[in-house]
Amino acid sequence: MSEHVPSLVFHTERQRTGTGQWTSDHGLVVAFEAGRAVPLARLDWRDAHGAEAVIGFDSGMTAFVGLRIAEDGTPYEWRGRLVERVTGRPHRFRVEGVEGRQELSLLVEDGGAPVARLGWVDREGGGGTVVLRSVDLDETAAAGEVTDRVREVRAGNEHVRAGEVALNLLDETAAKWLSWRDADWLEFTLGEPVRVRHYVLESANDFADRDPRDWVLQGSADGRTWVELDTRSGEFFPQRHHARDFHVTGAAAESSYRYLRLEITGNAGGGETQLCRVRFFSGERSYEAFTGHRYTAGEAPVPYAGIAADLVEGAPATVEDWRAFLSEYSADMLRVLEHGELADTTEEQRAAAWLGHDGAAEEQITALETRLGTPLPPSYRSFLAASDGWTTMGTFMYELLSTADAGWLHDLDGETGFDQEYLEGEDGLVGPFLLVSGESDAQYWLLDAGDTSPDGEWAAYVWASWYPGLGERHRSFADLVVAERTSFEELSGSEGRPVRPEGVEELLGRGRAAALRGRVADAMDAFRRAEEKGSGAAAYLRTVLSAFLDVHGTHHELRGLLHRPHVVAEVGVEQIEAEALPLYLYSASLDSPGSTASAARALGGTSTGLSLPSTDEERDALLAERRAPEPPAFELALDRARALASRGAADEAWAVIEEALAAWYPVSPNRVAPVVLLTDPALRGVVTPSRAREVVFAPRGLHADG
């Protein structure tokens with residue numbers, strides 16, 4: 001295997017078959033090496049959305065001709081010429097079932113969805129075909145989403161009266177952006193320059209003829225000079241709320257831009273244009289594994305499979321790995337949890353700092369495999385050899401079954417309280433399903449024996465009555481246990497009982513500094529990590545920043561926080577009364593008008609001793625009167641803005657606030673933004689949702705005296 005596999009960048013053209021009219025198409029990037037470097041003669045693939053291509057290379061791989069079939073079935077002749085060789089970023093897989101270390105490196109980016117199947121023939125007469133399993137964008141940090149760095153969205157046109165504005169494109173909700181034009185533009189201003197390697201557009205809820213069909217994505221460093229990143233024509237969305245992933249190829253993907261512009265030059269025929277969501281990513285797509293076959297010249301095909309190289313490290317694999325992992329995890333839980341939270345743990349287990357049991361003998365594991373009629377997946381088998389079952393494995397999992405009790409779900413129906421009918425209609429499941437846990441907190445752990453990775457692992461899931469169906473898919477039992485431990489640490493930290501509190505103050509300070517510099521994403525990340533280490537102040541500050549991005553639902557978050565004594569203790573009752581309570585009441589009023597009394601009751605039982613309003617009139621009076629102290633200069637600016645707003649001069653009022661923001665500074669440690677801008681009724685028509693977002697992206701405290 002070469003140390004660096006180069007990526008070949010091709011400029012491409014396409015034509016509808018037989019028309020003779022060639023037009024420029026988005027680029028193609030190819031990198032491929034299966035064990036050793038051999039030039040390719042042919043490559044074919046199908047992507048996750050059904051588009052296909054087959055191409056043949058010249059002897060030096062400097063040009064190709066072929067056929068491309070779009071997602072809607074339209075065929076095109078396709079050709080390309082090599083324009084650049086760059087240092088590769090191919091996906092690397094560890095090949096299973098071969099002696100020594102062997103890898104497959106591949107990258108095929110044609111501007112469309114992730115590749116699902118790939119076939120090749122090389123110049124020596126060898127070849128093969130593999131099917132790739134991609135990792136969902138929302139399940140991997142490697143996706144590198146940078147949408148949260150967008151500080152402002154503008155559009156040529158919006159349906160303001162219906163609330164169908166461009167800012168909705170950043171939400172995870174079903175809200176949409178609607179333009180009254182058949183062609184329009186969207187411009188995204190980011191808090192800092194970012195690279196865009198791929199982006200996602202999601203269709204809206206109705207009227208397919210409003211979907212974008214032709215567009216250009218551009219980037220700019222200064223908002224004046226624009227560079228073309230990606231061009232599309234003839235695209236379509238097969239259904240409503242359908243997310244399509246588009247890749248940016250070539251040198252444009254390596255540069256960073258502060259401004260992004262989506263110029264929609266045509267839609268699918270309607271008089272209006274709409275989208276539900278736009279997302280930007282700076283990271284590469286990810287794959288989990290591949291399976292298939294390969295052959296050499298004159299030889300029969302042989303099985304060929306592998307696991308992504310970055311997925312095979314970290315999770316416990318051997319019996320020794322499990323003993324070390326579970327010993328450390330046991331010590332963490334014993335240190336953090338109360339005695340009553342380990343209900344099924346014996347005194348002997350506590351004394352030994354081991355919340356499991358003796359490991360199962362080989363005969364016991366073999367007996368289970370005989371009963372099941374199949375070998376167990378490797379990580380689950382080695383877990384049982386380390387501990388034959390387990391007690392508390394996390395916040396909601398209290399029992400993992402022993403070799404004597406684990407079994408096929410269809411054999412255990414009626415014995416466990418779990419019915420296999422619960423799994424009907426779930427996408428992606430194959431079966432049969434191995435039940436490996438007891439009921440616990442209305443949840444069960446399952447292994448899908450039909451969803452097997454090349455290394456023999458079975459996909460693992462959590463089913464809970466309080467989930468909307470199955471939880472996320474985990475590649476293996478070991479991955480599920482690691483995820484459960486991570487969840488335990490996060491939940492314990494959020495309750496003020498951190499497993500690893502080291503470095504919490506540094507993270508909290510880093511978050512405050514990033515927030516005041518307007519680096520919202522960095523601040524949110526630092527606050528989240530500090531919260532996991534037990535910081536109540538970090539949890540509160542993260543919620544405050546989130547409220548400026550979207551205040552809807554903030555009251556739910558605050559209600560949970562104000563029932564946590566460590567949050568109240570760190571933030572202080574005075575600040576909660578002056579800042580958190582008005583924010584809570586305002587957010588609740590947006591989601592449930594006329595709900596002041598019920599919102600107040602929901603805060604009952606907190607340790608704040610708050611005096612709560614019982615009517616909407618009392619709430620409005622509280623919002624107008626109760627405010628946290630502000631820096632003197634900013635307080636004067638607020639007074640001027642209120643006076644202007646009272647005369648209907650909302651834009652002038654905002655200009656006053658905007659100018660004063662740079663000099664705003666926190667008068668107490670647990671403040672990062674002037675919440676009064678969200679809660680003051682006098683400023684309600686001044687600080688719009690888009691302007692609220694601008695507040696936290698604007699650097700603050702630049703002219704503070706201390």
# chains A, B, ... in the order shown; residues from 1 in each chain; ligands from 1
$ residues_around --residues "Arg693 in chain A" --least-positions-apart "4" --cutoff "12 Å" --atoms "only C-alpha atoms" --output "VMD selection string"
chain A and resid 148 to 153 167 170 189 to 191 518 to 520 544 to 551 658 673 677 to 678 687 to 689 697 to 698
$ residues_around --residues "Glu164 in chain A" --least-positions-apart "4" --cutoff "10 Å" --atoms "only C-alpha atoms" --output "mmCIF file with N, CA, C and O atoms, in the first residue's frame"
data_model
loop_
_atom_site.group_PDB
_atom_site.id
_atom_site.type_symbol
_atom_site.label_atom_id
_atom_site.label_comp_id
_atom_site.auth_asym_id
_atom_site.auth_seq_id
_atom_site.Cartn_x
_atom_site.Cartn_y
_atom_site.Cartn_z
ATOM 1 N N GLU A 158 -39.067 36.713 0.717
ATOM 2 C CA GLU A 158 -39.541 35.844 1.790
ATOM 3 C C GLU A 158 -41.045 36.040 1.967
ATOM 4 O O GLU A 158 -41.575 37.121 1.681
ATOM 5 N N HIS A 159 -41.718 35.016 2.469
ATOM 6 C CA HIS A 159 -43.139 35.131 2.815
ATOM 7 C C HIS A 159 -43.201 35.481 4.299
ATOM 8 O O HIS A 159 -43.442 34.636 5.156
ATOM 9 N N VAL A 160 -42.975 36.747 4.601
ATOM 10 C CA VAL A 160 -42.820 37.187 5.985
ATOM 11 C C VAL A 160 -44.106 37.004 6.778
ATOM 12 O O VAL A 160 -44.082 36.567 7.935
ATOM 13 N N ASN A 168 -35.521 30.148 8.740
ATOM 14 C CA ASN A 168 -36.038 28.796 8.997
ATOM 15 C C ASN A 168 -35.132 27.718 8.411
ATOM 16 O O ASN A 168 -35.178 26.564 8.850
ATOM 17 N N LEU A 169 -34.323 28.065 7.425
ATOM 18 C CA LEU A 169 -33.470 27.076 6.767
ATOM 19 C C LEU A 169 -32.413 26.507 7.698
ATOM 20 O O LEU A 169 -31.834 25.453 7.419
ATOM 21 N N ALA A 175 -40.436 23.951 9.519
ATOM 22 C CA ALA A 175 -40.652 25.291 8.989
ATOM 23 C C ALA A 175 -39.800 25.493 7.731
ATOM 24 O O ALA A 175 -38.713 24.933 7.602
ATOM 25 N N LYS A 176 -40.287 26.309 6.797
ATOM 26 C CA LYS A 176 -39.611 26.439 5.510
ATOM 27 C C LYS A 176 -39.377 27.901 5.146
ATOM 28 O O LYS A 176 -39.882 28.822 5.792
ATOM 29 N N TRP A 177 -38.605 28.083 4.080
ATOM 30 C CA TRP A 177 -38.453 29.384 3.423
ATOM 31 C C TRP A 177 -39.240 29.334 2.119
ATOM 32 O O TRP A 177 -39.153 28.362 1.358
ATOM 33 N N LEU A 178 -40.049 30.364 1.886
ATOM 34 C CA LEU A 178 -40.824 30.461 0.656
ATOM 35 C C LEU A 178 -40.576 31.811 0.007
ATOM 36 O O LEU A 178 -40.677 32.856 0.659
ATOM 37 N N SER A 179 -40.227 31.777 -1.266
ATOM 38 C CA SER A 179 -40.076 32.990 -2.067
ATOM 39 C C SER A 179 -41.212 33.038 -3.080
ATOM 40 O O SER A 179 -41.614 32.009 -3.639
ATOM 41 N N GLN A 274 -39.142 27.226 -2.852
ATOM 42 C CA GLN A 274 -39.093 26.960 -1.419
ATOM 43 C C GLN A 274 -38.080 25.866 -1.093
ATOM 44 O O GLN A 274 -37.734 25.036 -1.928
ATOM 45 N N LEU A 275 -37.605 25.908 0.156
ATOM 46 C CA LEU A 275 -36.752 24.873 0.732
ATOM 47 C C LEU A 275 -37.082 24.764 2.210
ATOM 48 O O LEU A 275 -37.521 25.746 2.832
ATOM 49 N N CYS A 276 -36.825 23.587 2.777
ATOM 50 C CA CYS A 276 -37.039 23.396 4.211
ATOM 51 C C CYS A 276 -35.754 23.623 5.004
ATOM 52 O O CYS A 276 -35.798 24.212 6.088
#
$ atom_distance --atom1 "CA of His26 in chain A" --atom2 "CA of Gly234 in chain A"
12.6 Å
$ atom_distance --atom1 "CA of Gly496 in chain A" --atom2 "CA of Leu581 in chain A"
21.2 Å
$ closest_residue --among "A:Gln349, A:Ser437, A:Gln575, A:Gln102" --to "Gly306 in chain A" --atoms "only C-alpha atoms"
A:Gln102
$ residues_around --residues "Arg529 in chain A" --least-positions-apart "2" --cutoff "10 Å" --atoms "only C-alpha atoms" --output "PyMOL selection string"
chain A and resi 490+493+503-504+507-508+511+523-527+531-535+538-539
$ residues_around --residues "Asp405 in chain A" --least-positions-apart "3" --cutoff "10 Å" --atoms "only C-alpha atoms" --output "short mmCIF file (atom, residue, chain, number, x, y, z; two decimals) with N, CA and C atoms, in the first residue's frame"
data_model
loop_
_atom_site.label_atom_id
_atom_site.label_comp_id
_atom_site.auth_asym_id
_atom_site.auth_seq_id
_atom_site.Cartn_x
_atom_site.Cartn_y
_atom_site.Cartn_z
N LEU A 368 -24.34 -21.65 24.64
CA LEU A 368 -25.24 -20.61 24.14
C LEU A 368 -25.20 -20.58 22.62
N GLY A 389 -22.85 -11.72 32.11
CA GLY A 389 -23.93 -10.82 32.47
C GLY A 389 -23.40 -9.62 33.24
N LEU A 400 -27.73 -6.88 32.13
CA LEU A 400 -27.39 -7.60 30.91
C LEU A 400 -27.44 -9.09 31.23
N LEU A 401 -28.05 -9.87 30.34
CA LEU A 401 -28.34 -11.27 30.61
C LEU A 401 -27.08 -12.14 30.56
N SER A 402 -27.14 -13.22 31.27
CA SER A 402 -26.04 -14.20 31.29
C SER A 402 -26.17 -15.15 30.10
N TRP A 408 -32.81 -15.82 21.44
CA TRP A 408 -33.52 -15.19 20.34
C TRP A 408 -34.81 -14.58 20.83
N LEU A 412 -38.26 -15.95 23.14
CA LEU A 412 -38.50 -15.42 24.48
C LEU A 412 -39.78 -14.59 24.57
N LEU A 435 -31.79 -11.05 22.18
CA LEU A 435 -32.08 -10.22 23.34
C LEU A 435 -30.97 -10.43 24.36
N VAL A 436 -30.26 -9.35 24.72
CA VAL A 436 -29.10 -9.48 25.60
C VAL A 436 -29.31 -8.78 26.94
N SER A 437 -30.51 -8.20 27.16
CA SER A 437 -30.73 -7.48 28.42
C SER A 437 -32.06 -7.85 29.03
N GLY A 438 -32.19 -7.54 30.34
CA GLY A 438 -33.48 -7.57 30.99
C GLY A 438 -34.22 -6.28 30.69
#
$ residues_around --residues "Glu254 in chain A" --least-positions-apart "3" --cutoff "8 Å" --atoms "only C-alpha atoms" --output "PyMOL selection string"
chain A and resi 195-197+250-251
$ residues_around --residues "Ala645 in chain A" --least-positions-apart "3" --cutoff "9 Å" --atoms "only C-alpha atoms" --output "count of residues only"
15
$ closest_atom_pairs --of "range 469-538 of chain A" --to "range 553-572 of chain A" --cutoff "7 Å" --atoms "only C-alpha atoms" --output "Markdown table"
| residue | atom | partner | partner_atom | distance |
| --- | --- | --- | --- | --- |
| A:Glu495 | CA | A:Arg564 | CA | 6.7 |
| A:Gly496 | CA | A:His566 | CA | 5.9 |
| A:Gly536 | CA | A:Val567 | CA | 4.0 |
| A:Ala537 | CA | A:Glu570 | CA | 5.7 |
$ write_last_selection --atoms "N, CA and C atoms" --output "PDB file, in the first residue's frame"
ATOM      1  N   GLU A 495     -26.159  16.569  36.042  1.00  0.00           N
ATOM      2  CA  GLU A 495     -26.789  16.561  37.366  1.00  0.00           C
ATOM      3  C   GLU A 495     -25.853  17.083  38.452  1.00  0.00           C
ATOM      4  N   GLY A 496     -24.662  17.509  38.065  1.00  0.00           N
ATOM      5  CA  GLY A 496     -23.702  18.018  39.042  1.00  0.00           C
ATOM      6  C   GLY A 496     -22.917  16.933  39.743  1.00  0.00           C
ATOM      7  N   GLY A 536     -22.760  23.717  36.434  1.00  0.00           N
ATOM      8  CA  GLY A 536     -24.106  24.240  36.279  1.00  0.00           C
ATOM      9  C   GLY A 536     -24.115  25.564  35.543  1.00  0.00           C
ATOM     10  N   ALA A 537     -23.095  26.389  35.775  1.00  0.00           N
ATOM     11  CA  ALA A 537     -22.998  27.669  35.070  1.00  0.00           C
ATOM     12  C   ALA A 537     -22.880  27.455  33.567  1.00  0.00           C
TER      13      ALA A 537
END
$ residues_around --residues "Tyr422 in chain A" --least-positions-apart "3" --cutoff "9 Å" --atoms "only C-alpha atoms" --output "number ranges by chain"
A: 418-419, 425-426, 463, 469
$ select_by_dssp --residues "range 113-319 of chain A" --states "strand (DSSP E or B)" --output "number ranges by chain"
A: 115-122, 127-134, 145, 150-155, 159, 164, 177-179, 184-194, 198-202, 212-220, 226-232, 243-247, 257-267, 273-275, 277-281, 287-295, 302-308
$ closest_residue --among "A:Glu103, A:Asp321, A:Glu328, A:Glu77" --to "Gly18 in chain A" --atoms "only C-alpha atoms"
A:Glu77
$ select_by_dssp --residues "range 247-439 of chain A" --states "helix (DSSP H, G or I)" --output "VMD selection string"
chain A and resid 251 to 254 309 to 311 319 to 336 339 to 341 347 to 352 362 to 372 378 to 386 409 to 412 420 to 423
$ atom_distance --atom1 "CA of Phe10 in chain A" --atom2 "CA of Arg46 in chain A"
18.5 Å
